[in-house]
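So this block is start_0.pdb, PDB, C-alpha atoms, pLDDT in the B column:
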```pdb
MODEL        1
ATOM      1  CA  MET D1115     -88.263-188.907 -50.954  1.00 93.00           C
ATOM      2  CA  LYS D1116     -89.477-188.543 -47.397  1.00 97.00           C
ATOM      3  CA  ILE D1117     -86.915-189.010 -44.642  1.00 98.00           C
ATOM      4  CA  THR D1118     -88.066-189.522 -41.074  1.00 98.00           C
ATOM      5  CA  VAL D1119     -85.727-189.606 -38.101  1.00 98.00           C
ATOM      6  CA  ILE D1120     -87.199-191.242 -35.012  1.00 98.00           C
ATOM      7  CA  ALA D1121     -85.093-190.498 -31.964  1.00 97.00           C
ATOM      8  CA  VAL D1122     -85.471-191.446 -28.327  1.00 96.00           C
ATOM      9  CA  GLY D1123     -85.223-188.450 -26.022  1.00 93.00           C
ATOM     10  CA  LYS D1124     -85.353-184.705 -26.405  1.00 92.00           C
ATOM     11  CA  ILE D1125     -82.576-182.368 -27.391  1.00 92.00           C
ATOM     12  CA  LYS D1126     -81.693-180.335 -24.331  1.00 90.00           C
ATOM     13  CA  GLU D1127     -78.735-178.246 -25.432  1.00 94.00           C
ATOM     14  CA  ARG D1128     -79.449-175.218 -27.567  1.00 95.00           C
ATOM     15  CA  PHE D1129     -76.364-175.683 -29.768  1.00 95.00           C
ATOM     16  CA  PHE D1130     -77.532-179.178 -30.787  1.00 96.00           C
ATOM     17  CA  GLU D1131     -81.007-177.802 -31.510  1.00 96.00           C
ATOM     18  CA  GLU D1132     -79.515-175.056 -33.689  1.00 97.00           C
ATOM     19  CA  ALA D1133     -77.428-177.610 -35.610  1.00 97.00           C
ATOM     20  CA  VAL D1134     -80.516-179.782 -36.203  1.00 97.00           C
ATOM     21  CA  LYS D1135     -82.446-176.738 -37.469  1.00 97.00           C
ATOM     22  CA  GLU D1136     -79.605-175.834 -39.820  1.00 97.00           C
ATOM     23  CA  TYR D1137     -79.551-179.305 -41.389  1.00 97.00           C
ATOM     24  CA  GLN D1138     -83.360-179.350 -41.584  1.00 97.00           C
ATOM     25  CA  LYS D1139     -83.137-176.123 -43.576  1.00 97.00           C
ATOM     26  CA  ARG D1140     -80.393-177.453 -45.856  1.00 96.00           C
ATOM     27  CA  LEU D1141     -82.189-180.741 -46.448  1.00 97.00           C
ATOM     28  CA  GLY D1142     -85.417-178.967 -47.403  1.00 96.00           C
ATOM     29  CA  ARG D1143     -84.236-178.661 -50.996  1.00 95.00           C
ATOM     30  CA  TYR D1144     -83.618-182.410 -51.334  1.00 96.00           C
ATOM     31  CA  CYS D1145     -86.290-184.229 -49.352  1.00 96.00           C
ATOM     32  CA  LYS D1146     -89.217-183.902 -47.021  1.00 97.00           C
ATOM     33  CA  LEU D1147     -87.702-184.305 -43.548  1.00 98.00           C
ATOM     34  CA  GLU D1148     -89.612-185.192 -40.412  1.00 97.00           C
ATOM     35  CA  ILE D1149     -88.107-185.621 -36.957  1.00 97.00           C
ATOM     36  CA  ILE D1150     -90.071-187.540 -34.350  1.00 97.00           C
ATOM     37  CA  GLN D1151     -88.950-187.548 -30.731  1.00 96.00           C
ATOM     38  CA  VAL D1152     -90.239-190.273 -28.453  1.00 97.00           C
ATOM     39  CA  ALA D1153     -89.934-190.141 -24.686  1.00 95.00           C
ATOM     40  CA  ASP D1154     -86.999-191.872 -23.081  1.00 92.00           C
ATOM     41  CA  GLU D1155     -87.213-193.925 -19.917  1.00 90.00           C
ATOM     42  CA  LYS D1156     -85.279-193.024 -16.818  1.00 89.00           C
ATOM     43  CA  THR D1157     -82.642-195.676 -16.174  1.00 85.00           C
ATOM     44  CA  PRO D1158     -81.766-195.937 -12.498  1.00 83.00           C
ATOM     45  CA  ASP D1159     -78.106-196.353 -11.544  1.00 86.00           C
ATOM     46  CA  GLY D1160     -77.261-200.011 -11.150  1.00 85.00           C
ATOM     47  CA  ALA D1161     -80.214-201.218 -13.200  1.00 86.00           C
ATOM     48  CA  GLY D1162     -79.982-204.938 -13.870  1.00 92.00           C
ATOM     49  CA  PRO D1163     -80.320-206.632 -17.258  1.00 91.00           C
ATOM     50  CA  ALA D1164     -84.042-207.402 -16.738  1.00 93.00           C
ATOM     51  CA  LEU D1165     -84.880-203.758 -16.018  1.00 93.00           C
ATOM     52  CA  GLU D1166     -82.729-202.598 -18.953  1.00 92.00           C
ATOM     53  CA  ASP D1167     -84.652-204.987 -21.232  1.00 93.00           C
ATOM     54  CA  GLN D1168     -87.951-203.561 -19.952  1.00 94.00           C
ATOM     55  CA  ILE D1169     -86.747-200.014 -20.629  1.00 95.00           C
ATOM     56  CA  ARG D1170     -85.626-200.914 -24.184  1.00 95.00           C
ATOM     57  CA  GLU D1171     -88.984-202.603 -24.801  1.00 96.00           C
ATOM     58  CA  ARG D1172     -90.990-199.578 -23.598  1.00 96.00           C
ATOM     59  CA  GLU D1173     -88.919-197.222 -25.750  1.00 97.00           C
ATOM     60  CA  GLY D1174     -89.160-199.722 -28.614  1.00 97.00           C
ATOM     61  CA  GLN D1175     -92.961-199.759 -28.465  1.00 97.00           C
ATOM     62  CA  ARG D1176     -92.976-195.960 -28.734  1.00 97.00           C
ATOM     63  CA  ILE D1177     -90.667-196.160 -31.769  1.00 98.00           C
ATOM     64  CA  LEU D1178     -92.680-198.911 -33.457  1.00 98.00           C
ATOM     65  CA  SER D1179     -95.892-196.915 -33.074  1.00 98.00           C
ATOM     66  CA  HIS D1180     -94.433-194.357 -35.523  1.00 98.00           C
ATOM     67  CA  ILE D1181     -92.977-196.738 -38.102  1.00 98.00           C
ATOM     68  CA  LYS D1182     -94.984-196.936 -41.302  1.00 94.00           C
ATOM     69  CA  ASP D1183     -95.640-200.372 -42.826  1.00 93.00           C
ATOM     70  CA  LYS D1184     -94.157-199.593 -46.236  1.00 94.00           C
ATOM     71  CA  ALA D1185     -91.232-197.499 -45.022  1.00 97.00           C
ATOM     72  CA  TYR D1186     -87.649-198.693 -45.394  1.00 97.00           C
ATOM     73  CA  VAL D1187     -86.245-198.647 -41.852  1.00 98.00           C
ATOM     74  CA  ILE D1188     -82.579-198.095 -41.036  1.00 98.00           C
ATOM     75  CA  ALA D1189     -81.696-198.708 -37.387  1.00 98.00           C
ATOM     76  CA  LEU D1190     -78.557-197.061 -36.036  1.00 97.00           C
ATOM     77  CA  ALA D1191     -76.729-199.717 -34.047  1.00 95.00           C
ATOM     78  CA  ILE D1192     -73.131-200.289 -33.020  1.00 92.00           C
ATOM     79  CA  GLU D1193     -73.290-203.815 -34.453  1.00 94.00           C
ATOM     80  CA  GLY D1194     -74.587-202.567 -37.812  1.00 96.00           C
ATOM     81  CA  ARG D1195     -72.658-202.201 -41.051  1.00 97.00           C
ATOM     82  CA  MET D1196     -70.231-199.295 -41.310  1.00 97.00           C
ATOM     83  CA  LEU D1197     -70.397-197.290 -44.531  1.00 97.00           C
ATOM     84  CA  ASP D1198     -68.413-194.342 -45.774  1.00 95.00           C
ATOM     85  CA  SER D1199     -70.254-191.262 -47.020  1.00 95.00           C
ATOM     86  CA  GLU D1200     -70.197-192.354 -50.668  1.00 95.00           C
ATOM     87  CA  GLU D1201     -71.590-195.776 -49.752  1.00 97.00           C
ATOM     88  CA  LEU D1202     -74.401-194.181 -47.751  1.00 97.00           C
ATOM     89  CA  ALA D1203     -75.179-191.941 -50.734  1.00 96.00           C
ATOM     90  CA  ASP D1204     -75.233-195.013 -53.004  1.00 96.00           C
ATOM     91  CA  LYS D1205     -77.518-196.830 -50.552  1.00 97.00           C
ATOM     92  CA  MET D1206     -79.964-193.924 -50.467  1.00 96.00           C
ATOM     93  CA  GLY D1207     -79.801-193.490 -54.241  1.00 95.00           C
ATOM     94  CA  ASN D1208     -80.450-197.197 -54.797  1.00 95.00           C
ATOM     95  CA  LEU D1209     -83.415-197.101 -52.431  1.00 95.00           C
ATOM     96  CA  GLY D1210     -84.911-194.325 -54.553  1.00 88.00           C
ATOM     97  CA  VAL D1211     -84.311-196.282 -57.761  1.00 89.00           C
ATOM     98  CA  LYS D1212     -85.990-199.327 -56.213  1.00 91.00           C
ATOM     99  CA  GLY D1213     -89.065-197.247 -55.427  1.00 89.00           C
ATOM    100  CA  ALA D1214     -88.605-196.551 -51.727  1.00 92.00           C
ATOM    101  CA  ASP D1215     -90.350-193.250 -51.163  1.00 94.00           C
ATOM    102  CA  HIS D1216     -90.051-193.203 -47.360  1.00 97.00           C
ATOM    103  CA  VAL D1217     -86.871-193.966 -45.408  1.00 98.00           C
ATOM    104  CA  MET D1218     -86.982-193.951 -41.623  1.00 98.00           C
ATOM    105  CA  PHE D1219     -83.812-193.749 -39.526  1.00 98.00           C
ATOM    106  CA  VAL D1220     -84.088-194.849 -35.891  1.00 98.00           C
ATOM    107  CA  ILE D1221     -81.821-193.616 -33.087  1.00 97.00           C
ATOM    108  CA  GLY D1222     -82.229-195.471 -29.801  1.00 95.00           C
ATOM    109  CA  GLY D1223     -81.866-194.295 -26.253  1.00 92.00           C
ATOM    110  CA  SER D1224     -78.931-194.783 -23.907  1.00 88.00           C
ATOM    111  CA  LEU D1225     -79.501-198.548 -23.757  1.00 91.00           C
ATOM    112  CA  GLY D1226     -79.862-199.026 -27.498  1.00 92.00           C
ATOM    113  CA  LEU D1227     -82.781-200.449 -29.464  1.00 96.00           C
ATOM    114  CA  SER D1228     -85.154-203.247 -28.546  1.00 96.00           C
ATOM    115  CA  GLY D1229     -85.074-206.571 -30.342  1.00 96.00           C
ATOM    116  CA  GLN D1230     -88.439-205.796 -31.942  1.00 97.00           C
ATOM    117  CA  VAL D1231     -87.130-202.558 -33.450  1.00 98.00           C
ATOM    118  CA  MET D1232     -83.994-204.316 -34.689  1.00 98.00           C
ATOM    119  CA  ASP D1233     -86.128-207.084 -36.206  1.00 98.00           C
ATOM    120  CA  ARG D1234     -88.369-204.547 -37.968  1.00 98.00           C
ATOM    121  CA  ALA D1235     -85.400-202.678 -39.422  1.00 98.00           C
ATOM    122  CA  ASP D1236     -84.521-203.427 -43.023  1.00 97.00           C
ATOM    123  CA  TYR D1237     -80.907-202.375 -42.461  1.00 98.00           C
ATOM    124  CA  HIS D1238     -78.595-201.898 -39.480  1.00 98.00           C
ATOM    125  CA  LEU D1239     -76.189-198.979 -39.854  1.00 98.00           C
ATOM    126  CA  SER D1240     -73.236-198.226 -37.618  1.00 97.00           C
ATOM    127  CA  PHE D1241     -71.459-194.896 -37.564  1.00 95.00           C
ATOM    128  CA  SER D1242     -68.740-196.225 -35.284  1.00 92.00           C
ATOM    129  CA  ARG D1243     -68.042-198.835 -32.659  1.00 90.00           C
ATOM    130  CA  MET D1244     -68.066-195.925 -30.211  1.00 89.00           C
ATOM    131  CA  THR D1245     -71.177-194.800 -28.364  1.00 85.00           C
ATOM    132  CA  PHE D1246     -72.449-191.253 -28.976  1.00 88.00           C
ATOM    133  CA  PRO D1247     -75.034-189.231 -27.032  1.00 87.00           C
ATOM    134  CA  HIS D1248     -78.377-189.343 -28.863  1.00 84.00           C
ATOM    135  CA  GLN D1249     -78.410-185.545 -29.194  1.00 89.00           C
ATOM    136  CA  LEU D1250     -75.064-185.527 -31.000  1.00 94.00           C
ATOM    137  CA  MET D1251     -75.997-188.589 -33.066  1.00 95.00           C
ATOM    138  CA  ARG D1252     -79.003-186.746 -34.433  1.00 96.00           C
ATOM    139  CA  VAL D1253     -76.732-183.970 -35.729  1.00 97.00           C
ATOM    140  CA  ILE D1254     -74.215-186.442 -37.163  1.00 97.00           C
ATOM    141  CA  LEU D1255     -76.975-188.402 -38.920  1.00 98.00           C
ATOM    142  CA  LEU D1256     -78.538-185.283 -40.451  1.00 98.00           C
ATOM    143  CA  GLU D1257     -75.129-184.098 -41.633  1.00 97.00           C
ATOM    144  CA  GLN D1258     -74.491-187.441 -43.333  1.00 97.00           C
ATOM    145  CA  ILE D1259     -77.923-187.454 -44.983  1.00 98.00           C
ATOM    146  CA  TYR D1260     -77.207-183.952 -46.259  1.00 97.00           C
ATOM    147  CA  ARG D1261     -73.772-185.051 -47.483  1.00 96.00           C
ATOM    148  CA  ALA D1262     -75.362-188.050 -49.235  1.00 96.00           C
ATOM    149  CA  TYR D1263     -77.757-185.784 -51.130  1.00 96.00           C
ATOM    150  CA  ARG D1264     -74.890-183.484 -52.132  1.00 96.00           C
ATOM    151  CA  ILE D1265     -72.948-186.493 -53.426  1.00 95.00           C
ATOM    152  CA  LEU D1266     -75.974-187.870 -55.300  1.00 95.00           C
ATOM    153  CA  ASN D1267     -76.515-184.486 -56.950  1.00 95.00           C
ATOM    154  CA  HIS D1268     -72.826-184.115 -57.884  1.00 94.00           C
ATOM    155  CA  GLN D1269     -72.556-180.979 -55.764  1.00 94.00           C
ATOM    156  CA  PRO D1270     -69.385-180.008 -53.919  1.00 87.00           C
ATOM    157  CA  TYR D1271     -69.153-180.645 -50.218  1.00 78.00           C
ATOM    158  CA  HIS D1272     -66.017-180.497 -48.106  1.00 68.00           C
ATOM    159  CA  LYS D1273     -64.340-183.773 -47.272  1.00 58.00           C
TER
ENDMDL
END
```

Mind converting the file's structure to structure tokens?
Amino acid sequence: MKITVIAVGKIKERFFEEAVKEYQKRLGRYCKLEIIQVADEKTPDGAGPALEDQIREREGQRILSHIKDKAYVIALAIEGRMLDSEELADKMGNLGVKGADHVMFVIGGSLGLSGQVMDRADYHLSFSRMTFPHQLMRVILLEQIYRAYRILNHQPYHK
């Protein structure tokens, strides 16, 4: 299966970059992983709702330009469904059984995802009701994908 992570913004801290590289290496034995970074928009302090909508839309257009027509898209969103690690593994396993050969995870910018991206998504996944920095979320997502593959392959992984 091919897994693509589309994330708004670049990783700036070296320790996050090293963690992403480590999970890319680990995941190499289970899937073909691609990470796509799209540019984020600068959000001025005190931006009003109209400007925030414009920013989400611009970032959303960049995201949508990378989404493949036949891919199964999972948008990370606070209002999405919360799963535990075993449920995420089951979800990914079931996607494979149903013939999905490309799963794309989408991580939005600081203002979240545009309505168009949310509408295109086949599934909305929440890791928490809390907000996480996109750099950290990328690491958390990759760790959970790795954990899901370990679970699906009946391999030990610390709990």

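Taking all atoms listed in the file, the non-local environment of range 1209-1225 of chain D within 7 Å (same-chain residues fewer than 5 positions away omitted) comprises Met1115, Lys1116, Ile1117, Thr1118, Val1119, Ile1120, Ala1121, Val1122, Gly1123, Asp1154, Arg1170, Ala1185, Tyr1186, Val1187, Ile1188, Ala1189, Leu1190 and His1248 of chain D.
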
Find the residues with any atom within 8 Å of (-84.6, -202.9, -24.0); use only C-alpha atoms and the coordinates as given in the file, and write the answer as a ChimeraX atom specification.
/D:1166-1174,1225-1229

Any idea what's packed within 8 Å of range 1253-1263 of chain D, counting all atoms listed in the file, ignoring anything in its chain fewer than 3 positions away? Could you give it as a count of residues only?
19

Å distance separating CA of Arg1252 in chain D from CA of Leu1239 in chain D, one decimal place:
13.7 Å

How many Å separate CA of Asp1159 in chain D from CA of Thr1245 in chain D?
18.3 Å
